[in-house]
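S.K.: Contents of my_file-v3.tsv (TSV, C-alpha atoms) are below:
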chain	number	residue	atom	x	y	z
A	1	MET	CA	8.05	-60.54	37.42
A	2	SER	CA	7.52	-61.91	33.90
A	3	PHE	CA	6.68	-65.24	32.36
A	4	ASP	CA	5.67	-66.83	29.08
A	5	ARG	CA	2.17	-65.63	28.26
A	6	THR	CA	2.18	-67.02	24.72
A	7	ILE	CA	-1.16	-68.56	23.81
A	8	ARG	CA	-0.93	-71.64	21.61
A	9	HIS	CA	-4.21	-73.41	22.42
A	10	CYS	CA	-7.78	-72.27	23.06
A	11	ARG	CA	-8.66	-72.01	26.74
A	12	GLN	CA	-12.24	-73.08	25.98
A	13	CYS	CA	-11.77	-76.12	23.71
A	14	GLY	CA	-8.03	-76.82	23.47
A	15	HIS	CA	-7.80	-76.34	19.67
A	16	GLN	CA	-4.70	-74.57	18.29
A	17	VAL	CA	-5.29	-70.83	17.96
A	18	GLU	CA	-4.55	-68.61	14.96
A	19	LYS	CA	-3.32	-65.04	15.01
A	20	ARG	CA	-5.65	-62.69	13.15
A	21	ILE	CA	-7.62	-59.49	13.56
A	22	PRO	CA	-11.18	-60.22	14.76
A	23	ASP	CA	-13.93	-59.07	12.39
A	24	ASP	CA	-15.76	-57.13	15.12
A	25	GLY	CA	-14.09	-53.79	14.40
A	26	ASP	CA	-10.96	-54.63	16.40
A	27	THR	CA	-7.67	-53.43	14.90
A	28	ARG	CA	-5.20	-55.71	16.71
A	29	LEU	CA	-3.94	-59.21	16.07
A	30	ARG	CA	-5.49	-61.61	18.59
A	31	ASP	CA	-5.18	-65.31	19.28
A	32	ILE	CA	-8.45	-66.67	17.93
A	33	CYS	CA	-9.74	-70.23	18.02
A	34	PRO	CA	-10.77	-71.37	14.52
A	35	SER	CA	-12.90	-74.11	16.09
A	36	CYS	CA	-15.02	-72.26	18.68
A	37	ASP	CA	-14.25	-68.59	17.78
A	38	THR	CA	-13.01	-67.64	21.25
A	39	VAL	CA	-10.89	-64.48	21.11
A	40	HIS	CA	-8.01	-64.56	23.61
A	41	TYR	CA	-7.06	-61.09	24.80
A	42	THR	CA	-3.78	-60.51	26.60
A	43	ASN	CA	-3.63	-57.39	28.75
A	44	PRO	CA	-1.15	-55.58	31.00
A	45	LEU	CA	-0.61	-56.79	34.56
A	46	ASN	CA	-0.55	-54.66	37.69
A	47	VAL	CA	2.33	-55.06	40.13
A	48	VAL	CA	1.41	-53.68	43.54
A	49	GLY	CA	3.66	-52.95	46.49
A	50	THR	CA	4.57	-50.63	49.33
A	51	VAL	CA	7.24	-48.24	50.56
A	52	PRO	CA	7.29	-49.41	54.23
A	53	VAL	CA	8.80	-46.80	56.54
A	54	LEU	CA	9.93	-46.83	60.18
A	55	ASN	CA	11.27	-43.52	61.45
A	56	ASP	CA	13.92	-42.49	58.89
A	57	LYS	CA	14.33	-45.96	57.40
A	58	VAL	CA	12.77	-47.89	54.51
A	59	LEU	CA	12.23	-51.63	54.43
A	60	LEU	CA	13.77	-53.53	51.53
A	61	CYS	CA	13.63	-57.25	50.79
A	62	LYS	CA	16.46	-59.29	49.29
A	63	ARG	CA	14.88	-61.49	46.64
A	64	ASN	CA	15.15	-65.25	47.04
A	65	ILE	CA	13.52	-65.98	43.66
A	66	GLU	CA	14.19	-65.20	40.02
A	67	PRO	CA	14.20	-62.79	38.34
A	68	ARG	CA	16.84	-60.71	40.11
A	69	LYS	CA	17.52	-63.22	42.86
A	70	GLY	CA	19.82	-61.65	45.45
A	71	LYS	CA	18.83	-58.08	44.52
A	72	TRP	CA	16.90	-55.73	46.80
A	73	THR	CA	13.32	-54.69	46.22
A	74	LEU	CA	10.39	-52.98	47.84
A	75	PRO	CA	7.81	-55.65	48.72
A	76	ALA	CA	5.64	-56.03	45.59
A	77	GLY	CA	4.04	-58.60	43.34
A	78	PHE	CA	1.26	-59.28	40.87
A	79	MET	CA	-2.18	-58.02	41.84
A	80	GLU	CA	-4.68	-60.88	42.23
A	81	LEU	CA	-8.37	-61.13	41.43
A	82	GLN	CA	-10.79	-60.19	44.21
A	83	GLU	CA	-8.53	-57.64	45.79
A	84	THR	CA	-7.99	-53.90	45.41
A	85	THR	CA	-4.63	-52.39	44.48
A	86	ALA	CA	-4.06	-51.44	48.13
A	87	GLU	CA	-5.13	-54.86	49.41
A	88	GLY	CA	-2.72	-56.51	46.99
A	89	ALA	CA	0.10	-54.19	48.06
A	90	ALA	CA	-0.59	-55.02	51.71
A	91	ARG	CA	-0.75	-58.77	50.98
A	92	GLU	CA	2.61	-58.69	49.22
A	93	THR	CA	4.14	-56.79	52.14
A	94	VAL	CA	2.96	-59.49	54.52
A	95	GLU	CA	4.03	-62.34	52.23
A	96	GLU	CA	7.48	-60.99	51.36
A	97	ALA	CA	8.46	-59.29	54.61
A	98	GLY	CA	6.11	-60.51	57.34
A	99	ALA	CA	5.87	-56.85	58.29
A	100	GLN	CA	3.35	-55.13	60.55
A	101	PHE	CA	2.20	-51.79	59.17
A	102	GLU	CA	-0.59	-49.34	58.42
A	103	MET	CA	-1.30	-48.60	54.77
A	104	GLY	CA	-0.95	-45.05	53.51
A	105	PRO	CA	-1.95	-43.40	50.22
A	106	LEU	CA	-0.89	-44.34	46.69
A	107	PHE	CA	2.55	-42.86	46.07
A	108	SER	CA	3.61	-43.90	42.55
A	109	LEU	CA	2.06	-45.30	39.38
A	110	ILE	CA	4.71	-46.33	36.87
A	111	ASN	CA	3.97	-47.64	33.40
A	112	VAL	CA	6.42	-50.23	32.10
A	113	ALA	CA	4.78	-50.62	28.70
A	114	ARG	CA	7.71	-52.60	27.26
A	115	VAL	CA	6.80	-55.55	29.49
A	116	GLY	CA	3.05	-54.87	29.73
A	117	GLN	CA	3.03	-53.88	33.39
A	118	VAL	CA	1.80	-51.05	35.60
A	119	HIS	CA	3.56	-50.76	38.96
A	120	LEU	CA	1.75	-49.11	41.87
A	121	PHE	CA	3.42	-48.38	45.21
A	122	TYR	CA	1.65	-47.26	48.38
A	123	ARG	CA	3.28	-45.63	51.35
A	124	ALA	CA	3.06	-47.76	54.50
A	125	GLN	CA	3.89	-46.95	58.11
A	126	LEU	CA	5.64	-49.82	59.87
A	127	THR	CA	4.47	-50.46	63.42
A	128	SER	CA	7.31	-52.84	64.33
A	129	ALA	CA	10.93	-53.42	63.41
A	130	ALA	CA	10.43	-57.19	63.58
A	131	PHE	CA	10.04	-58.95	60.24
A	132	ASP	CA	9.20	-62.50	59.28
A	133	PRO	CA	10.02	-62.83	55.59
A	134	GLY	CA	8.47	-65.60	53.51
A	135	THR	CA	10.24	-68.02	51.21
A	136	GLU	CA	10.49	-65.45	48.42
A	137	THR	CA	12.77	-63.26	50.56
A	138	MET	CA	16.31	-64.00	51.84
A	139	GLU	CA	16.37	-61.04	54.19
A	140	ALA	CA	14.17	-58.08	55.14
A	141	ARG	CA	16.11	-55.08	56.41
A	142	LEU	CA	15.63	-51.39	57.20
A	143	PHE	CA	17.83	-48.94	55.30
A	144	ALA	CA	18.53	-45.29	55.96
A	145	GLU	CA	18.66	-43.21	52.76
A	146	ALA	CA	22.47	-43.10	52.86
A	147	ASP	CA	22.63	-46.90	52.99
A	148	ILE	CA	20.20	-47.76	50.18
A	149	PRO	CA	21.99	-50.26	47.88
A	150	TRP	CA	21.18	-48.23	44.72
A	151	GLY	CA	23.37	-50.43	42.53
A	152	GLU	CA	21.77	-53.61	43.87
A	153	LEU	CA	18.08	-52.80	43.41
A	154	ALA	CA	16.03	-55.43	41.59
A	155	PHE	CA	13.76	-53.22	39.49
A	156	HIS	CA	13.88	-49.83	37.83
A	157	THR	CA	10.44	-48.97	39.25
A	158	VAL	CA	11.75	-49.56	42.78
A	159	GLN	CA	14.62	-47.17	42.12
A	160	GLU	CA	12.28	-44.52	40.66
A	161	THR	CA	9.87	-44.86	43.56
A	162	LEU	CA	12.59	-44.67	46.22
A	163	ARG	CA	14.21	-41.68	44.53
A	164	ARG	CA	10.91	-39.77	44.57
A	165	PHE	CA	10.15	-40.88	48.11
A	166	PHE	CA	13.40	-39.41	49.46
A	167	ALA	CA	12.99	-36.25	47.35
A	168	ASP	CA	9.47	-35.72	48.69
A	169	ARG	CA	10.58	-36.39	52.24
A	170	ALA	CA	13.38	-33.84	51.89
A	171	ALA	CA	10.83	-31.35	50.51
A	172	GLY	CA	8.54	-32.00	53.48
A	173	HIS	CA	5.57	-33.05	51.35
A	174	PHE	CA	4.60	-36.41	49.85
A	175	GLY	CA	2.80	-36.23	46.51
A	176	PHE	CA	1.49	-38.77	44.01
A	177	HIS	CA	3.82	-39.55	41.12
A	178	ALA	CA	2.74	-40.93	37.74
A	179	LEU	CA	5.48	-41.72	35.26
A	180	ASP	CA	6.45	-43.97	32.35
A	181	ILE	CA	9.72	-45.83	31.99
B	182	MET	CA	-16.67	-54.58	30.07
B	183	SER	CA	-16.61	-58.22	31.16
B	184	PHE	CA	-16.42	-61.58	29.45
B	185	ASP	CA	-15.93	-65.27	30.18
B	186	ARG	CA	-12.35	-65.71	31.36
B	187	THR	CA	-12.82	-69.31	32.50
B	188	ILE	CA	-9.84	-71.49	31.62
B	189	ARG	CA	-10.70	-75.05	30.63
B	190	HIS	CA	-7.70	-76.01	28.51
B	191	CYS	CA	-3.96	-75.36	28.74
B	192	ARG	CA	-2.78	-72.50	26.56
B	193	GLN	CA	0.53	-74.30	25.96
B	194	CYS	CA	-0.55	-77.82	25.05
B	195	GLY	CA	-4.38	-77.88	24.93
B	196	HIS	CA	-4.81	-80.48	27.71
B	197	GLN	CA	-7.70	-79.99	30.17
B	198	VAL	CA	-6.56	-78.06	33.23
B	199	GLU	CA	-7.17	-78.91	36.90
B	200	LYS	CA	-7.84	-76.49	39.72
B	201	ARG	CA	-5.32	-76.87	42.52
B	202	ILE	CA	-2.83	-74.90	44.59
B	203	PRO	CA	0.65	-74.95	43.03
B	204	ASP	CA	3.36	-76.53	45.18
B	205	ASP	CA	5.68	-73.51	44.85
B	206	GLY	CA	4.48	-71.76	48.02
B	207	ASP	CA	1.41	-70.24	46.34
B	208	THR	CA	-1.76	-70.16	48.45
B	209	ARG	CA	-4.40	-69.76	45.74
B	210	LEU	CA	-6.24	-72.21	43.52
B	211	ARG	CA	-4.90	-71.94	39.97
B	212	ASP	CA	-5.73	-73.64	36.69
B	213	ILE	CA	-2.82	-76.03	36.24
B	214	CYS	CA	-2.08	-78.34	33.32
B	215	PRO	CA	-1.51	-81.92	34.56
B	216	SER	CA	0.29	-82.71	31.31
B	217	CYS	CA	2.85	-79.88	30.96
B	218	ASP	CA	2.58	-78.23	34.42
B	219	THR	CA	1.79	-74.75	33.05
B	220	VAL	CA	0.16	-72.60	35.75
B	221	HIS	CA	-2.50	-70.26	34.34
B	222	TYR	CA	-2.80	-67.06	36.34
B	223	THR	CA	-5.81	-64.80	35.91
B	224	ASN	CA	-5.30	-61.20	36.99
B	225	PRO	CA	-7.28	-57.96	37.16
B	226	LEU	CA	-7.73	-55.84	34.05
B	227	ASN	CA	-7.23	-52.11	33.73
B	228	VAL	CA	-9.93	-49.99	32.12
B	229	VAL	CA	-8.55	-46.64	30.99
B	230	GLY	CA	-10.44	-43.55	29.88
B	231	THR	CA	-10.74	-39.78	29.97
B	232	VAL	CA	-12.90	-36.94	31.27
B	233	PRO	CA	-12.84	-34.82	28.07
B	234	VAL	CA	-13.76	-31.19	28.76
B	235	LEU	CA	-14.58	-28.19	26.56
B	236	ASN	CA	-15.29	-24.97	28.44
B	237	ASP	CA	-17.93	-25.92	31.03
B	238	LYS	CA	-18.99	-29.13	29.31
B	239	VAL	CA	-17.97	-32.80	29.49
B	240	LEU	CA	-18.04	-35.23	26.58
B	241	LEU	CA	-20.08	-38.38	27.03
B	242	CYS	CA	-20.59	-41.26	24.59
B	243	LYS	CA	-23.82	-43.20	24.15
B	244	ARG	CA	-22.81	-46.87	23.98
B	245	ASN	CA	-23.64	-48.81	20.84
B	246	ILE	CA	-22.42	-52.13	22.26
B	247	GLU	CA	-23.24	-54.38	25.18
B	248	PRO	CA	-23.01	-54.21	28.11
B	249	ARG	CA	-25.15	-51.14	28.83
B	250	LYS	CA	-25.99	-50.43	25.20
B	251	GLY	CA	-27.80	-47.07	24.98
B	252	LYS	CA	-26.34	-45.80	28.26
B	253	TRP	CA	-23.89	-42.89	28.51
B	254	THR	CA	-20.23	-43.28	29.43
B	255	LEU	CA	-16.96	-41.44	29.52
B	256	PRO	CA	-14.75	-42.81	26.72
B	257	ALA	CA	-12.93	-45.81	28.21
B	258	GLY	CA	-11.93	-49.38	27.50
B	259	PHE	CA	-9.49	-52.15	28.31
B	260	MET	CA	-5.83	-51.18	28.42
B	261	GLU	CA	-3.80	-53.02	25.77
B	262	LEU	CA	-0.26	-54.38	25.79
B	263	GLN	CA	2.51	-52.03	24.60
B	264	GLU	CA	0.76	-48.88	25.74
B	265	THR	CA	0.80	-46.82	28.92
B	266	THR	CA	-2.34	-46.10	30.93
B	267	ALA	CA	-2.45	-42.59	29.44
B	268	GLU	CA	-1.86	-43.84	25.89
B	269	GLY	CA	-4.68	-46.35	26.33
B	270	ALA	CA	-7.00	-43.66	27.66
B	271	ALA	CA	-6.16	-41.43	24.68
B	272	ARG	CA	-6.67	-44.31	22.23
B	273	GLU	CA	-10.09	-45.10	23.64
B	274	THR	CA	-11.08	-41.43	23.41
B	275	VAL	CA	-10.14	-41.41	19.72
B	276	GLU	CA	-11.83	-44.75	19.03
B	277	GLU	CA	-15.08	-44.08	20.87
B	278	ALA	CA	-15.53	-40.35	20.25
B	279	GLY	CA	-13.20	-39.35	17.41
B	280	ALA	CA	-12.31	-36.40	19.63
B	281	GLN	CA	-9.36	-34.02	19.37
B	282	PHE	CA	-7.81	-33.22	22.73
B	283	GLU	CA	-4.75	-32.77	24.90
B	284	MET	CA	-4.21	-35.24	27.71
B	285	GLY	CA	-4.10	-34.02	31.30
B	286	PRO	CA	-3.13	-35.72	34.54
B	287	LEU	CA	-4.58	-38.87	36.10
B	288	PHE	CA	-7.79	-37.91	37.89
B	289	SER	CA	-9.26	-41.10	39.36
B	290	LEU	CA	-8.21	-44.67	40.15
B	291	ILE	CA	-11.15	-46.83	41.11
B	292	ASN	CA	-10.90	-50.44	42.22
B	293	VAL	CA	-13.82	-52.63	41.22
B	294	ALA	CA	-12.53	-55.77	42.90
B	295	ARG	CA	-15.83	-57.63	42.50
B	296	VAL	CA	-15.24	-57.84	38.75
B	297	GLY	CA	-11.43	-57.84	38.85
B	298	GLN	CA	-10.95	-54.40	37.32
B	299	VAL	CA	-9.13	-51.15	38.03
B	300	HIS	CA	-10.57	-48.09	36.28
B	301	LEU	CA	-8.31	-45.11	35.61
B	302	PHE	CA	-9.57	-41.80	34.22
B	303	TYR	CA	-7.40	-38.94	32.97
B	304	ARG	CA	-8.53	-35.36	32.51
B	305	ALA	CA	-8.40	-34.26	28.86
B	306	GLN	CA	-8.81	-30.82	27.29
B	307	LEU	CA	-10.85	-30.94	24.08
B	308	THR	CA	-9.51	-28.74	21.28
B	309	SER	CA	-12.60	-29.06	19.08
B	310	ALA	CA	-16.35	-29.55	19.48
B	311	ALA	CA	-16.42	-31.79	16.40
B	312	PHE	CA	-16.59	-35.52	17.10
B	313	ASP	CA	-16.41	-38.56	14.87
B	314	PRO	CA	-17.53	-41.49	17.00
B	315	GLY	CA	-16.62	-45.04	16.00
B	316	THR	CA	-18.92	-48.02	15.71
B	317	GLU	CA	-18.97	-48.59	19.48
B	318	THR	CA	-20.71	-45.23	20.01
B	319	MET	CA	-24.21	-44.12	18.92
B	320	GLU	CA	-23.63	-40.49	19.75
B	321	ALA	CA	-20.91	-38.30	21.28
B	322	ARG	CA	-22.25	-35.17	22.96
B	323	LEU	CA	-21.13	-32.39	25.30
B	324	PHE	CA	-23.06	-32.02	28.56
B	325	ALA	CA	-23.12	-29.17	31.04
B	326	GLU	CA	-23.18	-30.37	34.65
B	327	ALA	CA	-26.91	-29.63	34.97
B	328	ASP	CA	-27.66	-31.81	31.95
B	329	ILE	CA	-25.61	-34.91	32.86
B	330	PRO	CA	-27.95	-37.93	32.48
B	331	TRP	CA	-27.08	-39.27	35.96
B	332	GLY	CA	-29.75	-41.97	35.79
B	333	GLU	CA	-28.58	-43.13	32.37
B	334	LEU	CA	-24.86	-43.57	33.01
B	335	ALA	CA	-23.39	-46.91	31.95
B	336	PHE	CA	-20.97	-47.55	34.80
B	337	HIS	CA	-20.68	-46.75	38.48
B	338	THR	CA	-17.03	-45.68	38.00
B	339	VAL	CA	-18.16	-43.09	35.43
B	340	GLN	CA	-20.64	-41.69	37.94
B	341	GLU	CA	-18.04	-41.57	40.73
B	342	THR	CA	-15.49	-39.91	38.47
B	343	LEU	CA	-17.94	-37.29	37.16
B	344	ARG	CA	-19.19	-36.52	40.67
B	345	ARG	CA	-15.64	-35.86	41.86
B	346	PHE	CA	-14.80	-33.90	38.73
B	347	PHE	CA	-17.66	-31.46	39.28
B	348	ALA	CA	-16.93	-31.22	43.03
B	349	ASP	CA	-13.27	-30.41	42.35
B	350	ARG	CA	-14.20	-27.89	39.67
B	351	ALA	CA	-16.57	-26.17	42.10
B	352	ALA	CA	-13.79	-26.13	44.71
B	353	GLY	CA	-11.40	-24.57	42.18
B	354	HIS	CA	-8.81	-27.35	42.45
B	355	PHE	CA	-8.48	-30.71	40.72
B	356	GLY	CA	-6.95	-33.49	42.80
B	357	PHE	CA	-6.26	-37.18	42.29
B	358	HIS	CA	-8.89	-39.54	43.66
B	359	ALA	CA	-8.30	-43.17	44.63
B	360	LEU	CA	-11.33	-45.16	45.77
B	361	ASP	CA	-12.85	-48.62	45.91
B	362	ILE	CA	-16.39	-49.52	44.93
Can you turn what I pasted into structure tokens?
M.R.:
Amino acid sequence: MSFDRTIRHCRQCGHQVEKRIPDDGDTRLRDICPSCDTVHYTNPLNVVGTVPVLNDKVLLCKRNIEPRKGKWTLPAGFMELQETTAEGAARETVEEAGAQFEMGPLFSLINVARVGQVHLFYRAQLTSAAFDPGTETMEARLFAEADIPWGELAFHTVQETLRRFFADRAAGHFGFHALDI
Amino acid sequence: MSFDRTIRHCRQCGHQVEKRIPDDGDTRLRDICPSCDTVHYTNPLNVVGTVPVLNDKVLLCKRNIEPRKGKWTLPAGFMELQETTAEGAARETVEEAGAQFEMGPLFSLINVARVGQVHLFYRAQLTSAAFDPGTETMEARLFAEADIPWGELAFHTVQETLRRFFADRAAGHFGFHALDI
């Protein structure tokens, strides 16, 4: 869930950019085109996904792509333009697991400032135990809490979300969890 | 809070990009460099801000920049890299209002899919009625609910957040509100 976002050339004219602070009151170094003055901002990305549940089990996907190929994750991916956070989370759940489900409320919002990401997970109620994972997924499987492969999870935000999900379920009440890691 | 994000040239090598669907299983048109194969993704932006409160009043800022120059807003702006959503909201509140405050919990998450944005507002408790607005703000002022300039608010997400804030306050309980507009 990361890639080279370095800006070397202007997206408007193709000229090589320079790193400097714009003279518009900004206080941060930006990639600025010395030819056409375009300021290139780079901002955090949202990763949106679900905690898909059927009875007492949670759906995890075994990643078939890097990073963390072979590790288990909740279905999630980068939010796209022209969709809401929930629509993106639902899209990823279809793409990665081929699952059938009903979307629930937002469950976790986790800042991962070190990599410029915000991860948002929605609860989802599976309506079938049949899955049809896409090419990004080796296997989609339901796990009871006791069987969650905690040491084989792909991302820290998945672990934090699952941990809170099971804690809330044990407490009999699902909340909304905002945290930073 | 919008600007031209059109990509014409490759950020890696400066060559003109082409719009096509990558052959990696993607289903969306992307700006792809025919020279170095870089795929340029464009993703939604987060706008982060606060609902700063002192006693029964809320702090609003009169915008000194476009868009919506002269209209009133809650302090908010684009989330930057290397900060959390709450840190960004606090930074914007300092930059736009020069306010002193303690951050509270996340209050609203509003999808504005039409413009590729997610707006997040945190509650904040002002610790002083003295403000020192930056260049982006003409005036920072406290408003009682009856005096909110509803017809002169800069953004729909500000209106939706304020409406829910006053409704929750009247109900005696502040929740978390997720909505799409």
S.K.: Contacts of range 70-86 of chain A at 7 Å or less, counting only C-alpha atoms, minus same-chain residues fewer than 3 places along, as a PyMOL selection string?
M.R.: (chain A and resi 46-51+59-64+89-90+92-93+96-97+152-155+158) or (chain B and resi 224-225+292+294-295+297)
S.K.: Quick check: residues of chain A within 10 Å of chain B, all atoms listed in the file, returned as a PyMOL selection string.
M.R.: chain A and resi 4-17+24-25+28+38+40-46+78-87+105-106+109-118+134-136+176-181
S.K.: Now that the selection is made, can you save its residues with C-alpha atoms as a PDB file, keeping the file's coordinate frame?
M.R.:
ATOM      1  CA  ASP A   4       5.670 -66.830  29.080  1.00  0.00           C
ATOM      2  CA  ARG A   5       2.170 -65.630  28.260  1.00  0.00           C
ATOM      3  CA  THR A   6       2.180 -67.020  24.720  1.00  0.00           C
ATOM      4  CA  ILE A   7      -1.160 -68.560  23.810  1.00  0.00           C
ATOM      5  CA  ARG A   8      -0.930 -71.640  21.610  1.00  0.00           C
ATOM      6  CA  HIS A   9      -4.210 -73.410  22.420  1.00  0.00           C
ATOM      7  CA  CYS A  10      -7.780 -72.270  23.060  1.00  0.00           C
ATOM      8  CA  ARG A  11      -8.660 -72.010  26.740  1.00  0.00           C
ATOM      9  CA  GLN A  12     -12.240 -73.080  25.980  1.00  0.00           C
ATOM     10  CA  CYS A  13     -11.770 -76.120  23.710  1.00  0.00           C
ATOM     11  CA  GLY A  14      -8.030 -76.820  23.470  1.00  0.00           C
ATOM     12  CA  HIS A  15      -7.800 -76.340  19.670  1.00  0.00           C
ATOM     13  CA  GLN A  16      -4.700 -74.570  18.290  1.00  0.00           C
ATOM     14  CA  VAL A  17      -5.290 -70.830  17.960  1.00  0.00           C
ATOM     15  CA  ASP A  24     -15.760 -57.130  15.120  1.00  0.00           C
ATOM     16  CA  GLY A  25     -14.090 -53.790  14.400  1.00  0.00           C
ATOM     17  CA  ARG A  28      -5.200 -55.710  16.710  1.00  0.00           C
ATOM     18  CA  THR A  38     -13.010 -67.640  21.250  1.00  0.00           C
ATOM     19  CA  HIS A  40      -8.010 -64.560  23.610  1.00  0.00           C
ATOM     20  CA  TYR A  41      -7.060 -61.090  24.800  1.00  0.00           C
ATOM     21  CA  THR A  42      -3.780 -60.510  26.600  1.00  0.00           C
ATOM     22  CA  ASN A  43      -3.630 -57.390  28.750  1.00  0.00           C
ATOM     23  CA  PRO A  44      -1.150 -55.580  31.000  1.00  0.00           C
ATOM     24  CA  LEU A  45      -0.610 -56.790  34.560  1.00  0.00           C
ATOM     25  CA  ASN A  46      -0.550 -54.660  37.690  1.00  0.00           C
ATOM     26  CA  PHE A  78       1.260 -59.280  40.870  1.00  0.00           C
ATOM     27  CA  MET A  79      -2.180 -58.020  41.840  1.00  0.00           C
ATOM     28  CA  GLU A  80      -4.680 -60.880  42.230  1.00  0.00           C
ATOM     29  CA  LEU A  81      -8.370 -61.130  41.430  1.00  0.00           C
ATOM     30  CA  GLN A  82     -10.790 -60.190  44.210  1.00  0.00           C
ATOM     31  CA  GLU A  83      -8.530 -57.640  45.790  1.00  0.00           C
ATOM     32  CA  THR A  84      -7.990 -53.900  45.410  1.00  0.00           C
ATOM     33  CA  THR A  85      -4.630 -52.390  44.480  1.00  0.00           C
ATOM     34  CA  ALA A  86      -4.060 -51.440  48.130  1.00  0.00           C
ATOM     35  CA  GLU A  87      -5.130 -54.860  49.410  1.00  0.00           C
ATOM     36  CA  PRO A 105      -1.950 -43.400  50.220  1.00  0.00           C
ATOM     37  CA  LEU A 106      -0.890 -44.340  46.690  1.00  0.00           C
ATOM     38  CA  LEU A 109       2.060 -45.300  39.380  1.00  0.00           C
ATOM     39  CA  ILE A 110       4.710 -46.330  36.870  1.00  0.00           C
ATOM     40  CA  ASN A 111       3.970 -47.640  33.400  1.00  0.00           C
ATOM     41  CA  VAL A 112       6.420 -50.230  32.100  1.00  0.00           C
ATOM     42  CA  ALA A 113       4.780 -50.620  28.700  1.00  0.00           C
ATOM     43  CA  ARG A 114       7.710 -52.600  27.260  1.00  0.00           C
ATOM     44  CA  VAL A 115       6.800 -55.550  29.490  1.00  0.00           C
ATOM     45  CA  GLY A 116       3.050 -54.870  29.730  1.00  0.00           C
ATOM     46  CA  GLN A 117       3.030 -53.880  33.390  1.00  0.00           C
ATOM     47  CA  VAL A 118       1.800 -51.050  35.600  1.00  0.00           C
ATOM     48  CA  GLY A 134       8.470 -65.600  53.510  1.00  0.00           C
ATOM     49  CA  THR A 135      10.240 -68.020  51.210  1.00  0.00           C
ATOM     50  CA  GLU A 136      10.490 -65.450  48.420  1.00  0.00           C
ATOM     51  CA  PHE A 176       1.490 -38.770  44.010  1.00  0.00           C
ATOM     52  CA  HIS A 177       3.820 -39.550  41.120  1.00  0.00           C
ATOM     53  CA  ALA A 178       2.740 -40.930  37.740  1.00  0.00           C
ATOM     54  CA  LEU A 179       5.480 -41.720  35.260  1.00  0.00           C
ATOM     55  CA  ASP A 180       6.450 -43.970  32.350  1.00  0.00           C
ATOM     56  CA  ILE A 181       9.720 -45.830  31.990  1.00  0.00           C
TER      57      ILE A 181
END
S.K.: Could you check the closest approach to Pro314 in chain B for each of B:Thr342, B:Gln281, B:Thr208, B:Asn236 and tell me which residue wins, using all atoms listed in the file?
M.R.: B:Gln281
S.K.: Could you check how far CA of Cys33 in chain A sits from CA of Cys214 in chain B, in Å to one decimal?
M.R.: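 Atom-to-atom, CA of Cys33 in chain A to CA of Cys214 in chain B, that is 18.9 Å.
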S.K.: So how many Å separate CA of Ala99 in chain A and CA of Asp56 in chain A, to one decimal?
M.R.: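 Rounded to one decimal, the two atoms are 16.5 Å apart.
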S.K.: One decimal, in Å: what's the spacing between CA of Ala310 in chain B and CA of Glu283 in chain B?
M.R.: 13.2 Å
S.K.: Pick from A:Ala130, A:Leu29, A:Val94, A:Val53: nearest to Arg169 in chain A, with only C-alpha atoms counted?
M.R.: A:Val53
S.K.: Rank B:Lys238, B:Gly269, B:Gly279, B:Leu323 by their smallest atom-to-atom distance to Leu301 in chain B, using all atoms listed in the file, and report the top residue only.
M.R.: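 So, comparing all the options, the nearest one is B:Gly269.
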S.K.: With distances taken over all atoms listed in the file, which residue among A:Lys69, A:Phe107, A:Leu126, A:Ile21 lies nearest Arg163 in chain A?
M.R.: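 Ranked by minimum distance to Arg163 in chain A, first place goes to A:Phe107.
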S.K.: Quick one: everything within 7 Å of Arg201 in chain B, counting only C-alpha atoms, minus sequence neighbours fewer than 4 positions away in the same chain. Send it as a list in words.
M.R.: Leu210, Arg211, Asp212 and Ile213 of chain B
S.K.: Using the block above, I'd like range 339-352 of chain B written out, keeping C-alpha atoms and formatting it as a short mmCIF file (atom, residue, chain, number, x, y, z; two decimals), in the first residue's frame.
M.R.:
data_model
loop_
_atom_site.label_atom_id
_atom_site.label_comp_id
_atom_site.auth_asym_id
_atom_site.auth_seq_id
_atom_site.Cartn_x
_atom_site.Cartn_y
_atom_site.Cartn_z
CA VAL B 339 -19.49 23.59 7.68
CA GLN B 340 -23.26 24.05 7.69
CA GLU B 341 -23.91 20.32 8.17
CA THR B 342 -21.36 20.11 10.97
CA LEU B 343 -22.69 23.18 12.81
CA ARG B 344 -26.28 21.98 12.47
CA ARG B 345 -25.38 18.64 14.06
CA PHE B 346 -23.26 20.31 16.71
CA PHE B 347 -26.14 22.48 17.92
CA ALA B 348 -28.61 19.56 17.71
CA ASP B 349 -26.31 17.36 19.81
CA ARG B 350 -25.73 20.16 22.31
CA ALA B 351 -29.48 20.64 22.67
CA ALA B 352 -29.87 16.89 23.18
#
